[in-house]
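Colleague: The structure is given below, and queries will be raised subsequently.
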Protein chains: 2
Amino acid sequence: MIKIHFNHNEITMKSPESQPVTAIAHPNIAFIKYWGNRDQQLRLPCNSSLSMNLSGLETRTTVYFDPSLHKDVFILGGERITGAAAERVSAFLNVVREFAGVDSYAQIESQNNFPAGAGVASSASAFAALALAASTAIGLELSEKELSRLARRGSGSACRSIPTGFVEWQAGSSDADSYAWSIAPAQHWSLVDLVCVIDKGHKAVGSTGGHALAGTSPLQSLRLAHVQERVDLCRSAILARDFETFAEVVEEDSNLMHAVMRTSNTPLHYWLPETEVVLWMVKSWRKEGIPVCATVDAGPNVHVLVESAHANWVEQQLSRLPGISQIYKAQPGDGARLI
Amino acid sequence: MIKIHFNHNEITMKSPESQPVTAIAHPNIAFIKYWGNRDQQLRLPCNSSLSMNLSGLETRTTVYFDPSLHKDVFILGGERITGAAAERVSAFLNVVREFAGVDSYAQIESQNNFPAGAGVASSASAFAALALAASTAIGLELSEKELSRLARRGSGSACRSIPTGFVEWQAGSSDADSYAWSIAPAQHWSLVDLVCVIDKGHKAVGSTGGHALAGTSPLQSLRLAHVQERVDLCRSAILARDFETFAEVVEEDSNLMHAVMRTSNTPLHYWLPETEVVLWMVKSWRKEGIPVCATVDAGPNVHVLVESAHANWVEQQLSRLPGISQIYKAQPGDGARLI
């Protein structure tokens with residue numbers, strides 16, 4: 001089993017619940033990206049990052065630890081899942097079990113209300129919801145910081161779906177200080193993320209595999225050399241609601257991450273031609289004075305970020321572009337929570 | 001034969017020379033790119049463009065009209081050339097012959113001192129030198145404007161290798177007013193173009209075929225919507241020697257052309273991973289205060305533009321990057337000339 005590093009002073013042990021516990025978490029869109037780990041096992045990132053939770057899009061997960069089970073049972077969208085995805089969930093639950101000193105297996109039922117694996121980070125909301133539901137179901141009462149650290153073990157960016165609104169994930173120096181916190185509540189800035197779905201297919205190389213390639217790009221060191229400046233600039237821009245500064249740093253950071261991806265060995269080309277069309281059109285609208293910018297995660301979809309007063313106009317324009325099969329509209333979202 | 005549209009008031013007919021005539025022309029690097037034609041046959045471009053001739057790199061071409069020949073004989077780099085390249089030369093000479101009222105075939109000997117077809121525009125210097133040598137050998141005395149129009153018929157960007165130094169090609173409204181002129185002599189600004197050769201192989205899709213695809217990209221209309229603003233901005237920056245403005249508009253224009261290329265049907269991907277590494281490193285050096293920027297033509301090579309005082313430092317840095325097989329160093333060059 002994986003060794004865990006929680007600070008026992010900060011948590012309280014409780015006796016295991018026998019009741020199912022349900023948690024909700026939103027995916028998040030990174031403004032300053034996470035790409036590459038210092039420690040692949042513990043998912044300690046090469047750099048700090050910034051994100052916003054996406055309301056409306058959510059993973060809802062129910063966990064029930066059942067002493068009569070002989071293995072974990074993972075049901076996603078109503079279907080029993082086996083193989084790599086189920087093993088990843090079990091490996092994560094092993095961390096929870098070891099920490100709680102409980103060895104029961106669990107039944108996990110999870111549902112996303114958005115398509116998985118195509119640029120909207122379903123692994124973030126999935127492991128954030130799972131961290132909260134599983135830790136609660138097993139009888140732990142974790143602080144937000146500890147929940148964020150725990151979620152990080154399942155998927156790096158999941159740690160950013162624990163706190164509310166606009167979130168910073170501090171790279172930290174070890175497992176103990178690599179976690180996320182809220183820098184501003186969801187109400188702070190009425191940004192809208194118009195998630196343009198270019199391709200609903202599952203991406204060819206998942207983020208976990210991709211992170212391991214980051215170091216093979218000659219551009220990763222350039223990306224890391226100035227990333228803390230971008231984090232600081234972006235945080236200030238968010239706090240000041242300075243869209244122009246925000247837009248420039250968000251687009252540069254996204255472009256730089258994809259430059260790293262395309263120049264890694266093996267190269268990762270996530271963009272489709274339609275991706276590039278959206279990016280350029282967004283840039284041209286901003287030149288005309290519209291507060292809009294765009295960012296792309298590890299997939300072909302484009303997250304078009306726009307101040308809410310202009311969201312309808314931008315959505316209309318986007319709907320005329322080629323290759324966009326769907327547009328999800330998300331506002332700043334809350335953190336992970338029990339229901 | 002192709003109909004020609006020269007204004008007969010502006011030229012003087014002479015009796016054909018029997019002597020070989022040799023001309024030299026330099027390739028040019030476009031700061032604001034030419035991509036797409038309104039008229040593919042006459043090579044009337046969709047937009048005006050700006051460039052700089054590249055001293056040191058040159059095509060040297062000797063033409064001799066010989067009544068005893070039964071067809072044109074084209075020798076390039078010491079080798080007899082047949083097929084498409086030779087037919088393109090003959091089609092161009094047909095324009096010259098029809099205009100001069102002469103039907104002799106010609107012997108053409110041409111040499112480039114740089115590798116052909118890999119991002120350094122050999123077709124520009126080739127057709128500029130050929131236009132000057134052939135028109136002179138056949139007995140025409142063309143003005144610079146008429147030479148530029150003529151060279152354009154061989155290869156669009158060749159019209160920019162006729163005038164000296166920094167050159168503007170006016171898209172114009174017809175064959176008559178689509179030609180180039182010098183906006184500043186070579187001595188005006190001591191820029192250096194460090195041509196980073198990423199791959200010496202011949203590019204997969206030549207510019208002539210590529211231009212025909214430009215209109216199939218949804219981004220071409222966006223590129224064209226603001227290109228005249230970029231021409232005006234870039235011209236002003238050159239005249240004022242304002243490197244920062246120059247750098248931003250040059251890089252944006254190059255990136256936008258490649259976005260058009262990548263999103264055309266079929267898509268044209270000229271960049272290699274090493275291309276992208278150079279582009280990002282150049283951008284990071286500029287952030288540190290070095291007056292350097294970069295542009296890419298229809299190939300993987302990168303033209304790194306730098307003020308001469310910083311050229312050695314930048315060249316040293318470039319030489320440490322992966323995948324650059326050679327660096328040519330060119331300063332602003334003269335126009336086409338007889339020797």
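Each chain in the structure tokens gets a letter, A, B and so on, in the order shown; residues start at 1 in every chain, and ligands are counted from 1 in the order they appear.
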Can you check which residues of segment 17-209 of chain A DSSP gives as strand (DSSP E or B) on the backbone and send them as an MDAnalysis selection string?
Modeller: chainID A and resid 21:25 28:32 37:39 44:45 49:54 59:66 73:76 79:80 105:112 140:141 166:169 180:184 191:197
Colleague: Within 7 Å of segment 279-296 of chain B, counting only C-alpha atoms, which residues qualify if same-chain residues fewer than 5 places away don't, as a list in words?
Modeller: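 Neighbouring residues, sequence-local ones excluded: Phe243, Ala247, Val250, Glu251, Ser254, Asn301, Val302, His303, Val304, Leu305, Val306 and Glu307 of chain B.
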Colleague: Mind dumping the selected residues with N, CA, C and O atoms as a short mmCIF file (atom, residue, chain, number, x, y, z; two decimals), in the first residue's frame?
Modeller:
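Writing done, so here's part-v8.cif:
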data_model
loop_
_atom_site.label_atom_id
_atom_site.label_comp_id
_atom_site.auth_asym_id
_atom_site.auth_seq_id
_atom_site.Cartn_x
_atom_site.Cartn_y
_atom_site.Cartn_z
N PHE B 243 11.69 48.57 -32.63
CA PHE B 243 11.78 47.11 -32.66
C PHE B 243 10.62 46.44 -31.94
O PHE B 243 10.12 45.41 -32.40
N ALA B 247 8.42 43.72 -33.67
CA ALA B 247 8.46 42.33 -33.21
C ALA B 247 7.05 41.78 -33.01
O ALA B 247 6.74 40.66 -33.45
N VAL B 250 5.19 41.37 -36.43
CA VAL B 250 5.80 40.34 -37.27
C VAL B 250 5.43 38.94 -36.75
O VAL B 250 5.04 38.06 -37.52
N GLU B 251 5.52 38.76 -35.45
CA GLU B 251 5.21 37.44 -34.90
C GLU B 251 3.73 37.12 -35.02
O GLU B 251 3.35 35.99 -35.35
N SER B 254 3.01 36.16 -38.69
CA SER B 254 3.52 34.83 -39.01
C SER B 254 2.65 33.75 -38.37
O SER B 254 2.26 32.77 -39.02
N ASN B 301 11.94 26.13 -41.18
CA ASN B 301 13.03 27.00 -40.73
C ASN B 301 12.51 28.25 -40.04
O ASN B 301 11.43 28.74 -40.35
N VAL B 302 13.33 28.77 -39.13
CA VAL B 302 12.93 29.98 -38.41
C VAL B 302 13.88 31.12 -38.77
O VAL B 302 15.10 30.96 -38.74
N HIS B 303 13.30 32.24 -39.14
CA HIS B 303 14.08 33.47 -39.35
C HIS B 303 14.05 34.26 -38.06
O HIS B 303 13.01 34.78 -37.66
N VAL B 304 15.21 34.32 -37.41
CA VAL B 304 15.32 35.05 -36.15
C VAL B 304 15.86 36.44 -36.47
O VAL B 304 17.00 36.58 -36.94
N LEU B 305 15.06 37.45 -36.23
CA LEU B 305 15.40 38.83 -36.58
C LEU B 305 15.89 39.54 -35.33
O LEU B 305 15.19 39.54 -34.30
N VAL B 306 17.07 40.16 -35.44
CA VAL B 306 17.67 40.74 -34.24
C VAL B 306 18.46 41.99 -34.65
O VAL B 306 19.03 42.04 -35.74
N GLU B 307 18.45 42.98 -33.78
CA GLU B 307 19.29 44.16 -34.06
C GLU B 307 20.75 43.72 -33.99
O GLU B 307 21.13 42.92 -33.14
#
Colleague: Would you mind listing what lies within 6 Å of segment 27-30 of chain A as a list in words, with only C-alpha atoms counted and same-chain residues fewer than 5 positions away left out?
Modeller: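 So, after excluding close chain neighbours, the residues are Leu50, Ser51, Met52, Asn53, Leu54, Ala121, Ala124 and Ser125 of chain A.
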Colleague: At a cut-off of 9 Å, can you tabulate as a tab-separated table every residue of chain A near chain B together with its closest atom pair and the distance in Å to one decimal, using only C-alpha atoms and ordering rows by chain then number?
Modeller:
residue	atom	partner	partner_atom	distance
A:Ser217	CA	B:Val277	CA	8.9
A:Pro218	CA	B:Val277	CA	7.0
A:Leu219	CA	B:Val277	CA	6.3
A:Leu222	CA	B:Met281	CA	7.6
A:Leu256	CA	B:Trp280	CA	8.0
A:Ala259	CA	B:Glu276	CA	6.9
A:Val260	CA	B:Val277	CA	8.6
A:Arg262	CA	B:Pro273	CA	6.6
A:Thr263	CA	B:Pro273	CA	4.9
A:Ser264	CA	B:Pro273	CA	8.3
A:Pro267	CA	B:Pro273	CA	8.1
A:Leu272	CA	B:Thr263	CA	8.5
A:Pro273	CA	B:Thr263	CA	4.9
A:Glu274	CA	B:Thr263	CA	7.4
A:Glu276	CA	B:Ala259	CA	6.8
A:Val277	CA	B:Leu219	CA	6.3
A:Trp280	CA	B:Leu219	CA	7.6
A:Met281	CA	B:Leu222	CA	7.5
A:Ser284	CA	B:Leu222	CA	7.8
A:Leu321	CA	B:Pro218	CA	8.4
A:Pro322	CA	B:Pro218	CA	8.1
Colleague: Find the residues around Ser190 of chain A up to 12 Å (only C-alpha atoms counted), leave out those fewer than 2 positions away in its own chain, and share them as a list in words.
Modeller: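 Counting only the stated atoms, we get Met52, Leu54, Ser55, Gly165, Phe166, Ala184, Pro185, Ala186, Gln187, His188, Val192, Asp193, Ile238, Arg241, Phe243, Pro291, Leu305, Val306, Glu307, Ser308, Ala309, His310, Ala311, Ala330, Gln331, Pro332 and Gly333 of chain A.
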Colleague: Please identify all polymer residues within 9 Å of Ser48 of chain B, counting only C-alpha atoms, omitting same-chain residues fewer than 4 positions from it, and present them as an MDAnalysis selection string.
Modeller: chainID B and resid 32:34 168:172 178 227:228 231
Colleague: Could you state the separation of atom CA of Gly101 of chain B and atom CA of Ala129 of chain B in Å, given to one decimal place?
Modeller: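 Interatomic distance here is 20.9 Å.
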Colleague: Any idea what's packed within 12 Å of Thr208 of chain B, counting only C-alpha atoms, ignoring anything in its chain fewer than 4 positions away? Could you give it as a VMD selection string?
Modeller: chain B and resid 34 to 37 39 to 43 45 85 88 117 121 123 to 124 153 to 157 203 to 204 212 to 214 298
Colleague: Using DSSP secondary structure from the backbone, list all alpha helix (DSSP H) positions within segment 29-260 of chain B, as a PyMOL selection string.
Modeller: chain B and resi 84-100+122-137+144-154+207-213+220-225+227-240+243-260
Colleague: Atom CA of Ile75 of chain B to atom CA of Tyr328 of chain B: how many Å, to one decimal?
Modeller: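 Rounded to one decimal, the two atoms are 24.9 Å apart.
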Colleague: Show me, as a PyMOL selection string, the residues that have an atom within 10 Å of Ser90 of chain B when counting only C-alpha atoms, minus same-chain residues fewer than 2 positions from it.
Modeller: chain B and resi 71-74+84-88+92-97+105-106+108+154
Colleague: Go through B:Cys196, B:Leu76, B:Leu268, B:Val120 and flag the residue nearest Arg60 of chain B, using only C-alpha atoms for the distances.
Modeller: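 Closest residue, counting only C-alpha atoms: B:Leu76.
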